[in-house]
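One file, data-v2.pdb, carrying PDB, C-alpha atoms:
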```
ATOM      1  CA  MET A   1     -47.456 -32.460 -16.065
ATOM      2  CA  SER A   2     -47.505 -28.794 -16.931
ATOM      3  CA  HIS A   3     -46.624 -26.066 -14.471
ATOM      4  CA  THR A   4     -46.677 -22.292 -14.183
ATOM      5  CA  GLU A   5     -43.681 -20.126 -13.396
ATOM      6  CA  VAL A   6     -44.216 -17.434 -10.771
ATOM      7  CA  LYS A   7     -41.630 -14.784  -9.847
ATOM      8  CA  LEU A   8     -41.581 -13.765  -6.203
ATOM      9  CA  LYS A   9     -39.911 -11.265  -3.879
ATOM     10  CA  ILE A  10     -39.554 -12.752  -0.405
ATOM     11  CA  PRO A  11     -39.129 -10.376   2.561
ATOM     12  CA  PHE A  12     -35.769 -10.838   4.302
ATOM     13  CA  GLY A  13     -35.054  -8.249   6.978
ATOM     14  CA  ASN A  14     -35.416  -4.895   5.201
ATOM     15  CA  LYS A  15     -34.534  -6.471   1.847
ATOM     16  CA  LEU A  16     -36.233  -8.752  -0.639
ATOM     17  CA  LEU A  17     -34.915 -12.050  -1.957
ATOM     18  CA  ASP A  18     -35.483 -12.961  -5.608
ATOM     19  CA  ALA A  19     -37.263 -16.247  -6.037
ATOM     20  CA  VAL A  20     -38.973 -18.264  -8.755
ATOM     21  CA  CYS A  21     -41.631 -20.896  -8.151
ATOM     22  CA  LEU A  22     -42.692 -23.623 -10.492
ATOM     23  CA  VAL A  23     -46.279 -24.414  -9.570
ATOM     24  CA  PRO A  24     -47.702 -27.682 -10.917
ATOM     25  CA  ASN A  25     -51.194 -27.383 -12.350
ATOM     26  CA  LYS A  26     -52.754 -29.691  -9.794
ATOM     27  CA  SER A  27     -53.587 -29.584  -6.109
ATOM     28  CA  LEU A  28     -50.361 -29.063  -4.198
ATOM     29  CA  THR A  29     -49.058 -31.369  -1.512
ATOM     30  CA  TYR A  30     -45.296 -31.152  -1.254
ATOM     31  CA  GLY A  31     -42.711 -28.560  -2.135
ATOM     32  CA  VAL A  32     -38.952 -28.355  -2.531
ATOM     33  CA  ILE A  33     -36.779 -25.302  -1.810
ATOM     34  CA  LEU A  34     -33.523 -25.019  -3.759
ATOM     35  CA  THR A  35     -30.646 -22.586  -3.589
ATOM     36  CA  HIS A  36     -27.219 -22.177  -5.150
ATOM     37  CA  GLY A  37     -23.664 -22.477  -3.857
ATOM     38  CA  ALA A  38     -21.078 -19.793  -3.104
ATOM     39  CA  SER A  39     -21.207 -18.403  -6.639
ATOM     40  CA  GLY A  40     -24.000 -18.180  -9.164
ATOM     41  CA  ASP A  41     -27.677 -17.682  -8.427
ATOM     42  CA  MET A  42     -31.015 -19.483  -8.642
ATOM     43  CA  ASN A  43     -30.782 -19.665 -12.455
ATOM     44  CA  LEU A  44     -27.877 -22.123 -12.453
ATOM     45  CA  PRO A  45     -28.685 -24.704 -15.151
ATOM     46  CA  HIS A  46     -28.254 -27.319 -12.451
ATOM     47  CA  LEU A  47     -31.101 -25.929 -10.353
ATOM     48  CA  THR A  48     -33.421 -24.987 -13.210
ATOM     49  CA  SER A  49     -33.104 -28.495 -14.633
ATOM     50  CA  LEU A  50     -33.887 -30.115 -11.270
ATOM     51  CA  ALA A  51     -36.785 -27.726 -10.589
ATOM     52  CA  SER A  52     -38.530 -28.433 -13.897
ATOM     53  CA  HIS A  53     -38.036 -32.183 -13.431
ATOM     54  CA  LEU A  54     -39.633 -32.060  -9.968
ATOM     55  CA  ALA A  55     -42.437 -29.713 -11.060
ATOM     56  CA  SER A  56     -43.269 -31.906 -14.046
ATOM     57  CA  HIS A  57     -43.831 -34.720 -11.535
ATOM     58  CA  GLY A  58     -46.181 -32.646  -9.405
ATOM     59  CA  PHE A  59     -43.865 -31.086  -6.814
ATOM     60  CA  PHE A  60     -44.024 -27.362  -6.096
ATOM     61  CA  CYS A  61     -40.490 -26.017  -6.485
ATOM     62  CA  LEU A  62     -39.077 -22.722  -5.215
ATOM     63  CA  ARG A  63     -35.568 -21.508  -6.107
ATOM     64  CA  PHE A  64     -34.089 -18.417  -4.523
ATOM     65  CA  THR A  65     -30.960 -16.286  -4.814
ATOM     66  CA  CYS A  66     -28.935 -15.125  -1.848
ATOM     67  CA  LYS A  67     -25.499 -13.789  -2.699
ATOM     68  CA  GLY A  68     -22.588 -13.506  -0.337
ATOM     69  CA  LEU A  69     -20.088 -15.838   1.264
ATOM     70  CA  ASN A  70     -21.308 -15.279   4.802
ATOM     71  CA  ILE A  71     -22.856 -18.570   5.896
ATOM     72  CA  VAL A  72     -24.792 -16.966   8.782
ATOM     73  CA  HIS A  73     -26.390 -14.536   6.314
ATOM     74  CA  ARG A  74     -27.262 -17.422   3.984
ATOM     75  CA  ILE A  75     -28.833 -19.418   6.838
ATOM     76  CA  LYS A  76     -31.003 -16.436   7.848
ATOM     77  CA  ALA A  77     -32.121 -15.956   4.239
ATOM     78  CA  TYR A  78     -33.015 -19.654   3.978
ATOM     79  CA  LYS A  79     -35.084 -19.368   7.187
ATOM     80  CA  SER A  80     -37.011 -16.417   5.720
ATOM     81  CA  VAL A  81     -37.863 -18.444   2.620
ATOM     82  CA  LEU A  82     -38.970 -21.413   4.718
ATOM     83  CA  ASN A  83     -41.172 -19.196   6.920
ATOM     84  CA  TYR A  84     -42.627 -17.544   3.835
ATOM     85  CA  LEU A  85     -43.749 -20.912   2.449
ATOM     86  CA  LYS A  86     -44.917 -22.174   5.808
ATOM     87  CA  THR A  87     -47.204 -19.192   6.337
ATOM     88  CA  SER A  88     -48.190 -18.720   2.704
ATOM     89  CA  GLY A  89     -51.923 -18.533   2.186
ATOM     90  CA  GLU A  90     -51.448 -19.014  -1.532
ATOM     91  CA  TYR A  91     -49.396 -22.207  -1.572
ATOM     92  CA  LYS A  92     -50.786 -24.480   1.100
ATOM     93  CA  LEU A  93     -48.176 -27.212   1.242
ATOM     94  CA  ALA A  94     -48.329 -30.306   3.437
ATOM     95  CA  GLY A  95     -44.574 -30.268   3.721
ATOM     96  CA  VAL A  96     -41.315 -29.188   2.125
ATOM     97  CA  PHE A  97     -37.866 -30.587   1.443
ATOM     98  CA  LEU A  98     -34.923 -28.253   1.969
ATOM     99  CA  GLY A  99     -32.336 -28.506  -0.772
ATOM    100  CA  GLY A 100     -29.291 -26.765  -2.091
ATOM    101  CA  ARG A 101     -26.040 -27.034  -3.918
ATOM    102  CA  SER A 102     -22.712 -26.813  -2.086
ATOM    103  CA  MET A 103     -22.861 -23.821   0.301
ATOM    104  CA  GLY A 104     -26.633 -23.745  -0.229
ATOM    105  CA  SER A 105     -26.916 -27.301   1.116
ATOM    106  CA  ARG A 106     -24.823 -26.309   4.115
ATOM    107  CA  ALA A 107     -27.237 -23.462   4.852
ATOM    108  CA  ALA A 108     -30.204 -25.833   4.436
ATOM    109  CA  ALA A 109     -28.630 -28.369   6.829
ATOM    110  CA  SER A 110     -28.127 -25.674   9.433
ATOM    111  CA  VAL A 111     -31.728 -24.467   9.123
ATOM    112  CA  LEU A 112     -32.954 -28.030   9.554
ATOM    113  CA  CYS A 113     -30.868 -28.784  12.628
ATOM    114  CA  HIS A 114     -32.031 -25.572  14.336
ATOM    115  CA  ILE A 115     -35.743 -26.113  13.839
ATOM    116  CA  GLU A 116     -37.215 -25.696  17.314
ATOM    117  CA  PRO A 117     -38.815 -28.786  18.883
ATOM    118  CA  ASP A 118     -42.081 -26.808  19.169
ATOM    119  CA  ASP A 119     -41.975 -26.442  15.382
ATOM    120  CA  ALA A 120     -42.242 -30.188  15.156
ATOM    121  CA  ASP A 121     -45.343 -30.039  13.006
ATOM    122  CA  ASP A 122     -43.461 -32.064  10.422
ATOM    123  CA  PHE A 123     -43.565 -29.279   7.842
ATOM    124  CA  VAL A 124     -39.959 -29.996   6.865
ATOM    125  CA  ARG A 125     -39.731 -33.557   5.572
ATOM    126  CA  GLY A 126     -36.111 -33.913   4.603
ATOM    127  CA  LEU A 127     -32.871 -32.483   3.271
ATOM    128  CA  ILE A 128     -31.294 -32.720  -0.182
ATOM    129  CA  CYS A 129     -27.550 -31.997  -0.286
ATOM    130  CA  ILE A 130     -26.056 -31.682  -3.762
ATOM    131  CA  SER A 131     -22.237 -31.512  -3.549
ATOM    132  CA  TYR A 132     -22.263 -30.948   0.222
ATOM    133  CA  PRO A 133     -18.981 -29.111   1.016
ATOM    134  CA  LEU A 134     -17.744 -31.369   3.819
ATOM    135  CA  HIS A 135     -14.328 -29.701   3.881
ATOM    136  CA  HIS A 136     -12.203 -27.126   2.081
ATOM    137  CA  PRO A 137     -10.042 -28.621  -0.673
ATOM    138  CA  LYS A 138      -7.008 -30.292   0.963
ATOM    139  CA  GLN A 139      -8.362 -29.598   4.474
ATOM    140  CA  GLN A 140      -9.805 -32.992   5.253
ATOM    141  CA  HIS A 141      -8.961 -32.580   8.950
ATOM    142  CA  LYS A 142     -11.552 -29.801   9.344
ATOM    143  CA  LEU A 143     -14.958 -31.309   8.661
ATOM    144  CA  ARG A 144     -18.201 -29.352   8.523
ATOM    145  CA  ASP A 145     -20.201 -32.196   9.974
ATOM    146  CA  GLU A 146     -21.631 -30.941  13.292
ATOM    147  CA  ASP A 147     -24.991 -29.880  11.804
ATOM    148  CA  LEU A 148     -25.408 -33.239  10.073
ATOM    149  CA  PHE A 149     -25.253 -35.078  13.401
ATOM    150  CA  ARG A 150     -28.117 -33.010  14.833
ATOM    151  CA  ILE A 151     -30.576 -33.686  12.020
ATOM    152  CA  LYS A 152     -33.325 -36.254  12.557
ATOM    153  CA  ASP A 153     -35.192 -35.989   9.247
ATOM    154  CA  PRO A 154     -34.181 -38.026   6.174
ATOM    155  CA  VAL A 155     -31.144 -36.765   4.238
ATOM    156  CA  LEU A 156     -30.120 -37.448   0.652
ATOM    157  CA  PHE A 157     -26.560 -36.678  -0.422
ATOM    158  CA  VAL A 158     -25.800 -36.496  -4.132
ATOM    159  CA  SER A 159     -22.045 -36.124  -4.477
ATOM    160  CA  GLY A 160     -19.342 -36.658  -7.057
ATOM    161  CA  SER A 161     -16.957 -39.486  -6.226
ATOM    162  CA  ALA A 162     -14.098 -37.134  -7.220
ATOM    163  CA  ASP A 163     -15.417 -34.067  -5.340
ATOM    164  CA  GLU A 164     -12.418 -32.164  -3.988
ATOM    165  CA  MET A 165     -14.589 -30.758  -1.173
ATOM    166  CA  CYS A 166     -16.182 -34.010  -0.092
ATOM    167  CA  GLU A 167     -13.902 -37.027   0.035
ATOM    168  CA  LYS A 168     -15.902 -40.207  -0.481
ATOM    169  CA  ASN A 169     -14.685 -42.192   2.526
ATOM    170  CA  LEU A 170     -15.065 -39.144   4.800
ATOM    171  CA  LEU A 171     -18.712 -38.567   3.857
ATOM    172  CA  GLU A 172     -19.397 -42.283   4.297
ATOM    173  CA  LYS A 173     -17.896 -42.190   7.802
ATOM    174  CA  VAL A 174     -19.928 -39.098   8.726
ATOM    175  CA  ALA A 175     -23.115 -40.699   7.382
ATOM    176  CA  GLN A 176     -22.579 -43.809   9.523
ATOM    177  CA  LYS A 177     -22.559 -41.615  12.637
ATOM    178  CA  MET A 178     -25.697 -39.667  11.672
ATOM    179  CA  GLN A 179     -28.923 -40.344  13.562
ATOM    180  CA  ALA A 180     -31.027 -39.349  10.552
ATOM    181  CA  PRO A 181     -32.084 -41.895   7.919
ATOM    182  CA  HIS A 182     -29.807 -41.150   4.988
ATOM    183  CA  LYS A 183     -28.828 -42.181   1.503
ATOM    184  CA  ILE A 184     -25.757 -41.248  -0.537
ATOM    185  CA  HIS A 185     -25.865 -41.340  -4.315
ATOM    186  CA  TRP A 186     -22.380 -41.074  -5.831
ATOM    187  CA  ILE A 187     -22.030 -39.616  -9.304
ATOM    188  CA  GLU A 188     -19.056 -41.566 -10.609
ATOM    189  CA  LYS A 189     -15.954 -39.454 -11.370
ATOM    190  CA  ALA A 190     -17.831 -36.159 -10.903
ATOM    191  CA  ASN A 191     -16.023 -33.200  -9.337
ATOM    192  CA  HIS A 192     -17.523 -30.570  -7.014
ATOM    193  CA  SER A 193     -19.281 -28.871  -9.972
ATOM    194  CA  MET A 194     -20.671 -32.259 -11.053
ATOM    195  CA  ALA A 195     -18.610 -32.256 -14.242
ATOM    196  CA  VAL A 196     -17.626 -35.707 -15.509
ATOM    197  CA  LYS A 197     -15.095 -36.143 -18.311
ATOM    198  CA  GLY A 198     -16.730 -37.798 -21.289
ATOM    199  CA  ARG A 199     -20.304 -37.225 -20.119
ATOM    200  CA  SER A 200     -22.612 -34.450 -21.228
ATOM    201  CA  THR A 201     -23.880 -32.040 -18.573
ATOM    202  CA  ASN A 202     -27.472 -32.980 -19.380
ATOM    203  CA  ASP A 203     -26.705 -36.650 -18.941
ATOM    204  CA  VAL A 204     -25.317 -35.955 -15.455
ATOM    205  CA  PHE A 205     -28.316 -33.706 -14.629
ATOM    206  CA  LYS A 206     -30.646 -36.510 -15.693
ATOM    207  CA  GLU A 207     -28.986 -38.928 -13.268
ATOM    208  CA  ILE A 208     -29.128 -36.401 -10.410
ATOM    209  CA  ASN A 209     -32.745 -35.393 -11.122
ATOM    210  CA  THR A 210     -33.907 -39.016 -11.312
ATOM    211  CA  GLN A 211     -32.273 -39.912  -7.993
ATOM    212  CA  ILE A 212     -33.687 -36.880  -6.189
ATOM    213  CA  LEU A 213     -37.218 -37.371  -7.525
ATOM    214  CA  PHE A 214     -37.147 -41.076  -6.635
ATOM    215  CA  TRP A 215     -36.005 -40.335  -3.073
ATOM    216  CA  ILE A 216     -38.656 -37.639  -2.528
ATOM    217  CA  GLN A 217     -41.347 -39.925  -3.921
ATOM    218  CA  GLU A 218     -40.287 -42.731  -1.589
ATOM    219  CA  ILE A 219     -40.735 -40.456   1.429
ATOM    220  CA  THR A 220     -43.974 -38.813   0.321
ATOM    221  CA  GLU A 221     -45.548 -42.143  -0.717
ATOM    222  CA  THR A 222     -44.841 -43.501   2.779
ATOM    223  CA  ASP A 223     -46.697 -40.476   4.168
ATOM    224  CA  LYS A 224     -49.807 -41.392   2.212
ATOM    225  CA  LYS A 225     -49.961 -44.925   3.611
TER     226      LYS A 225
END
```
Take the structure from the file and write it as structure tokens.
Amino acid sequence: MSHTEVKLKIPFGNKLLDAVCLVPNKSLTYGVILTHGASGDMNLPHLTSLASHLASHGFFCLRFTCKGLNIVHRIKAYKSVLNYLKTSGEYKLAGVFLGGRSMGSRAAASVLCHIEPDDADDFVRGLICISYPLHHPKQQHKLRDEDLFRIKDPVLFVSGSADEMCEKNLLEKVAQKMQAPHKIHWIEKANHSMAVKGRSTNDVFKEINTQILFWIQEITETDKK
């Protein structure tokens, strides 16, 4: 399915955030918001590849850039993007999935767990965490898991089994304690950047993109029933 690329500037305080939307050429129902980790921006090959895969299957996809290592700042920026889409007269979406890579997924998780109960209009349908940074390298005793326990919407984790910031058994333990419906897809032997020795980047992207699309479709198909 073909789609159109639209560049946007989203108001954030007295600044503007750079964003790009891929808009499928059909009536819109669901959207996905994606953002990058601590470094890079919305044009990371990882995110552009995922966005075009989702858009080609009919999902509206917005990527945005928010630089800086301050997580509070990143969370506020993410909220602005979510509010922009929620109130947008142009893109009337039935719901969105919040997604991100590494620090971006942490910001998305925080936004989701702080959605006010009176916002419970089901606009946010779920959370996609690519390489969720559960802990600093070698600091497995300090887990960033409190937000995950407060989320009630479905969560998909896509993590490398050799991610130095998300030890496999630790994420599995955290997931067992979560109240949200969740799924973990492990990319075998991938590190935090999703690099796998002996596999091409595109091959890894394809696996990630397929899993994410399948998960979103499962949730949105259930909605239609």
>> Give me the residues near A:Leu213 as a PyMOL selection string, where near means some atom within 8 Å (using only C-alpha atoms) and where sequence neighbours in that chain fewer than 4 positions away do not count.
In response: chain A and resi 53-54+209+217
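Between atom CA of A:Ile208 and atom CA of A:Val72 the separation is 27.7 Å.
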> If I put a ball of radius 12 Å at (-34.7, -10.3, -0.4) in the file's coordinates, which residues poke into it when counting all atoms listed in the file, written as an NGL selection string?
Replying inline: :A and (8-19 or 64-67 or 73-74 or 76-81 or 84)
> Which residues match the PyMOL selection byres ((chain A and resi 183-188) around 9) in the file above, as a PyMOL selection string?
Replying inline: chain A and resi 154-162+168+171-172+175+181-182+189-191+194+196+204+207-208+211+215
> In Å, with one decimal, what is the gap from atom CA of A:Ser56 to atom CA of A:Phe123?
Replying inline: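 Pair atom CA of A:Ser56 / atom CA of A:Phe123 returns 22.0 Å.
The nearest approach to A:Asn169 among the residues A:Ala55, A:Leu44, A:Leu134, A:Leu93, with only C-alpha atoms taken into account, belongs to A:Leu134.
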> Residues at most 6 Å from stretch 25-31 of chain A, counting all atoms listed in the file, excluding those fewer than 2 positions away in the same chain, as a PyMOL selection string?
Replying inline: chain A and resi 3+59-61+93-96
> Suppose you want the space between atom CA of A:Asp203 and atom CA of A:Leu127; what is it in Å?
Replying inline: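 Going from atom CA of A:Asp203 over to atom CA of A:Leu127 covers 23.4 Å.
Take the candidates A:Arg125, A:Pro133, A:His114, A:Asp153 and check each one against A:Ala180 using all atoms listed in the file; the shortest distance goes to A:Asp153.
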>> At a cut-off of 9 Å, using all atoms listed in the file, what residues contact A:His135? Leave out same-chain residues fewer than 2 positions from it and give the result as a list in words.
In response: Tyr132, Pro133, Pro137, Lys138, Gln139, Gln140, His141, Lys142, Leu143, Arg144, Asp145, Glu164, Met165, Cys166 and Glu167 of chain A
Using only the atoms of stretch 42-50 of chain A listed in the file, plus 6 Å on each side, state the axis-aligned box centre and edge lengths in Å rounded to one decimal, as lines of an AutoDock Vina configuration file.
```
center_x = -30.9
center_y = -24.8
center_z = -11.9
size_x = 18.0
size_y = 22.6
size_z = 18.5
```
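Taking all atoms listed in the file into account, A:Lys7 lies nearest to A:Val23 out of the set A:Ser110, A:Val23, A:Thr222, A:Leu69.
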>> With distances taken over all atoms listed in the file, which residue among A:Gly198, A:Gly40, A:Gly99, A:Gly104 lies nearest A:Ile212?
In response: A:Gly99
